[in-house]
2 protein chains.
Amino acid sequence: MSRAEAVDLPDDGAPRTPDRLRRLPSRLLSQLTTRSDRLITEGLARADARKWHYAVLASLREYGPGSQATLSRRTGIYRSDMVSVLNELAERDLVERSPDPDDRRRNTITISPRGRRHLRRLDKVLDDLHDELLAPLDPAERGQFVGLLTRLLDHHTRIS
Amino acid sequence: MSRAEAVDLPDDGAPRTPDRLRRLPSRLLSQLTTRSDRLITEGLARADARKWHYAVLASLREYGPGSQATLSRRTGIYRSDMVSVLNELAERDLVERSPDPDDRRRNTITISPRGRRHLRRLDKVLDDLHDELLAPLDPAERGQFVGLLTRLLDHHTRIS
DNA sequence: GTACATCGTTAGTGGGACTAACGCAATCGG
DNA sequence: CCGATTGCGTTAGTCCCACTAACGATGTAC
């Protein structure tokens with residue numbers, strides 16, 4: 001057929017991504033995030049966990065017990081989604097949900113010893129997964145990367 | 001009301017994100033991408049466009065006409081989703097879909113003059129949006145950021 | 001010629017972010 | 001003290017996105 005196709009196929013027959021697209025930060029971000037999410041989700045699944053579990057457990061560990069609404073604000077998980085996350089954690093005896101006597105609208109969520117152990121395990125799992133995620137970067141570059149991301153995210157959360 | 005709550009509320013009453021979470025690259029990535037996607041999607045919507053429109057138009061502009069499958073590979077859009085993207089583009093007379101005489105399974109997609117004009121407009125729109133996205137970074141840092149993202153993405157696309 | 005691969009297309013899945021509305025409990029302004 | 005407002009947990013449902021399954025039609029390889 002016509003050589004028209006050759007335009008697409010550099011040398012090896014691989015289709016080429018347009019330059020405009022390859023350099024687009026928003027696109028790089030979303031493509032990388034897709035892969036990162038997959039990596040993390042699959043890794044955590046192997047430990048019978050999901051990222052939300054980690055977020056809640058970490059929040060409980062660092063700031064102590066809290067209501068579902070508090071947890072929601074600390075982790076960024078929507079309070080409507082928090083319900084099922086806590087169900088999953090409670091099923092596994094990683095947290096305890098008990099009514100708050102001081103405010104009867106609230107549940108107080110507490111991490112259990114088992115939850116603490118699980119959290120330690122997840123810390124390790126996530127550490128390894130991030131090693132895989134950031135494999136091409138040396139330690140200094142990883143620091144840079146986190147720094148840049150943090151500044152950007154801070155900027156856009158203050159704004160909103 | 002016990003001072004237990006004070007642990008959560010730094011000084012100003014704002015809920016605090018756990019350290020473990022704040023430093024987690026995968027989390028920074030996905031949070032930032034959420035905001036970035038929203039910014040870009042809304043910005044493009046104001047120009048009656050979506051990101052896939054841009055991807056397809058850019059691909060056609062840089063590598064010339066191609067089949068839907070080729071476009072799919074060049075842009076990363078799934079071929080199942082490509083159908084409706086091309087419908088939208090064709091509706092707006094930005095591309096033309098014509099049967100390929102050499103291979104009757106294929107459609108050949110061509111960008112129209114109008115499509116070229118639209119692409120130029122979108123280039124500008126995206127440029128402005130990325131200025132907003134990367135506002136906190138100076139030019140050198142923007143370069144660093146794109147460089148790091150590119151290396152990470154390349155790594156993970158080679159692997160897969 | 002027969003097996004296999006590719007093309008465009010339709011339909012549908014699963015997950016994540018987010019909204020709406022609910023009943024109930026607490027707090028605030030008058 | 002009372003009525004309005006605000007915050008709580010919960011259910012249901014929306015929208016968008018990456019992705020899969022299967023299809024009939026066509027092309028390619030053995």
# chains A, B, ... in the order shown; residues from 1 in each chain; ligands from 1
$ interface_residues --of "chain A" --to "chain D" --cutoff "12 Å" --atoms "only C-alpha atoms (C1' of nucleotides)" --output "PyMOL selection string"
chain A and resi 30-31+33-35+37-38+67-70+72+78-84+86+99-100+103-108
$ interface_residues --of "chain B" --to "chain A" --cutoff "8 Å" --atoms "only C-alpha atoms" --output "PyMOL selection string"
chain B and resi 1+4-5+7-8+15-21+23+25-26+28-33+35-37+40+55+58-59+62-64+66+70+73-75+102+130+133-137+141+145-146+148-153+155-156
$ select_by_dssp --residues "stretch 26-152 of chain A" --states "strand (DSSP E)" --output "ChimeraX atom specification"
/A:95-99,107-111
$ write_last_selection --atoms "N, CA and C atoms" --output "PDB file, in the first residue's frame"
ATOM      1  N   VAL A  95     -10.756  -1.383  62.657  1.00  0.00           N
ATOM      2  CA  VAL A  95     -11.227  -0.198  63.387  1.00  0.00           C
ATOM      3  C   VAL A  95     -12.484  -0.573  64.168  1.00  0.00           C
ATOM      4  N   GLU A  96     -12.800   0.287  65.126  1.00  0.00           N
ATOM      5  CA  GLU A  96     -14.048   0.097  65.854  1.00  0.00           C
ATOM      6  C   GLU A  96     -14.908   1.347  65.723  1.00  0.00           C
ATOM      7  N   ARG A  97     -16.176   1.105  65.479  1.00  0.00           N
ATOM      8  CA  ARG A  97     -17.119   2.203  65.334  1.00  0.00           C
ATOM      9  C   ARG A  97     -18.005   2.193  66.574  1.00  0.00           C
ATOM     10  N   SER A  98     -17.967   3.305  67.324  1.00  0.00           N
ATOM     11  CA  SER A  98     -18.854   3.346  68.485  1.00  0.00           C
ATOM     12  C   SER A  98     -19.514   4.711  68.584  1.00  0.00           C
ATOM     13  N   PRO A  99     -20.725   4.739  69.080  1.00  0.00           N
ATOM     14  CA  PRO A  99     -21.448   6.005  69.177  1.00  0.00           C
ATOM     15  C   PRO A  99     -20.723   6.948  70.125  1.00  0.00           C
ATOM     16  N   ASN A 107     -20.361   8.990  65.201  1.00  0.00           N
ATOM     17  CA  ASN A 107     -19.669   7.762  65.560  1.00  0.00           C
ATOM     18  C   ASN A 107     -18.218   8.118  65.841  1.00  0.00           C
ATOM     19  N   THR A 108     -17.670   7.496  66.850  1.00  0.00           N
ATOM     20  CA  THR A 108     -16.231   7.653  67.058  1.00  0.00           C
ATOM     21  C   THR A 108     -15.535   6.434  66.475  1.00  0.00           C
ATOM     22  N   ILE A 109     -14.567   6.704  65.639  1.00  0.00           N
ATOM     23  CA  ILE A 109     -13.831   5.616  64.999  1.00  0.00           C
ATOM     24  C   ILE A 109     -12.469   5.486  65.676  1.00  0.00           C
ATOM     25  N   THR A 110     -12.149   4.258  66.068  1.00  0.00           N
ATOM     26  CA  THR A 110     -10.888   3.996  66.753  1.00  0.00           C
ATOM     27  C   THR A 110     -10.132   2.897  66.014  1.00  0.00           C
ATOM     28  N   ILE A 111      -8.829   3.048  65.931  1.00  0.00           N
ATOM     29  CA  ILE A 111      -8.026   2.001  65.308  1.00  0.00           C
ATOM     30  C   ILE A 111      -7.783   0.898  66.326  1.00  0.00           C
TER      31      ILE A 111
END
$ closest_residue --among "A:Leu89, A:Arg116, A:Trp52, A:Asp138" --to "chain C" --atoms "only C-alpha atoms (C1' of nucleotides)"
A:Trp52
$ closest_atom_pairs --of "chain C" --to "chain B" --cutoff "10 Å" --atoms "only C-alpha atoms (C1' of nucleotides)" --output "tab-separated table"
residue	atom	partner	partner_atom	distance
C:DT6	C1'	B:Arg105	CA	8.4
C:DC7	C1'	B:Arg105	CA	4.9
C:DG8	C1'	B:Arg105	CA	7.3
C:DT9	C1'	B:Ser80	CA	7.3
C:DT10	C1'	B:Ser80	CA	8.7
C:DA17	C1'	B:Thr34	CA	8.6
$ write_last_selection --atoms "N, CA and C atoms (P, O5', C5', C4', C3', O3' and C1' of nucleotides)" --output "PDB file, in the first residue's frame"
ATOM      1  P    DT C   6      -3.154  -8.403  14.537  1.00  0.00           P
ATOM      2  O5'  DT C   6      -4.211  -7.582  13.673  1.00  0.00           O
ATOM      3  C5'  DT C   6      -3.946  -7.305  12.314  1.00  0.00           C
ATOM      4  C4'  DT C   6      -5.082  -6.456  11.773  1.00  0.00           C
ATOM      5  C3'  DT C   6      -5.469  -5.282  12.684  1.00  0.00           C
ATOM      6  O3'  DT C   6      -5.476  -4.120  11.874  1.00  0.00           O
ATOM      7  C1'  DT C   6      -7.376  -6.529  12.093  1.00  0.00           C
ATOM      8  P    DC C   7      -5.810  -2.706  12.417  1.00  0.00           P
ATOM      9  O5'  DC C   7      -7.320  -2.469  11.972  1.00  0.00           O
ATOM     10  C5'  DC C   7      -7.635  -2.331  10.586  1.00  0.00           C
ATOM     11  C4'  DC C   7      -9.123  -2.113  10.443  1.00  0.00           C
ATOM     12  C3'  DC C   7      -9.669  -1.064  11.401  1.00  0.00           C
ATOM     13  O3'  DC C   7     -10.046   0.101  10.677  1.00  0.00           O
ATOM     14  C1'  DC C   7     -11.034  -3.032  11.358  1.00  0.00           C
ATOM     15  P    DG C   8     -10.414   1.386  11.591  1.00  0.00           P
ATOM     16  O5'  DG C   8     -11.973   1.157  11.824  1.00  0.00           O
ATOM     17  C5'  DG C   8     -12.865   1.321  10.735  1.00  0.00           C
ATOM     18  C4'  DG C   8     -14.274   0.969  11.174  1.00  0.00           C
ATOM     19  C3'  DG C   8     -14.884   1.934  12.201  1.00  0.00           C
ATOM     20  O3'  DG C   8     -16.186   2.287  11.760  1.00  0.00           O
ATOM     21  C1'  DG C   8     -15.003  -0.288  13.000  1.00  0.00           C
ATOM     22  P    DT C   9     -17.031   3.412  12.564  1.00  0.00           P
ATOM     23  O5'  DT C   9     -17.903   2.531  13.563  1.00  0.00           O
ATOM     24  C5'  DT C   9     -18.618   1.407  13.046  1.00  0.00           C
ATOM     25  C4'  DT C   9     -19.234   0.604  14.178  1.00  0.00           C
ATOM     26  C3'  DT C   9     -19.775   1.427  15.345  1.00  0.00           C
ATOM     27  O3'  DT C   9     -21.203   1.443  15.225  1.00  0.00           O
ATOM     28  C1'  DT C   9     -18.727  -0.611  16.038  1.00  0.00           C
ATOM     29  P    DT C  10     -22.062   2.249  16.291  1.00  0.00           P
ATOM     30  O5'  DT C  10     -22.362   1.091  17.344  1.00  0.00           O
ATOM     31  C5'  DT C  10     -23.046  -0.082  16.912  1.00  0.00           C
ATOM     32  C4'  DT C  10     -23.330  -0.978  18.103  1.00  0.00           C
ATOM     33  C3'  DT C  10     -23.914  -0.257  19.318  1.00  0.00           C
ATOM     34  O3'  DT C  10     -25.091  -0.954  19.722  1.00  0.00           O
ATOM     35  C1'  DT C  10     -22.003  -1.511  19.952  1.00  0.00           C
ATOM     36  P    DA C  17     -11.241   9.372  43.880  1.00  0.00           P
ATOM     37  O5'  DA C  17     -12.281  10.416  43.298  1.00  0.00           O
ATOM     38  C5'  DA C  17     -11.883  11.252  42.221  1.00  0.00           C
ATOM     39  C4'  DA C  17     -13.042  12.144  41.868  1.00  0.00           C
ATOM     40  C3'  DA C  17     -13.467  13.077  43.005  1.00  0.00           C
ATOM     41  O3'  DA C  17     -13.645  14.372  42.472  1.00  0.00           O
ATOM     42  C1'  DA C  17     -15.320  11.805  42.239  1.00  0.00           C
TER      43       DA C  17
END
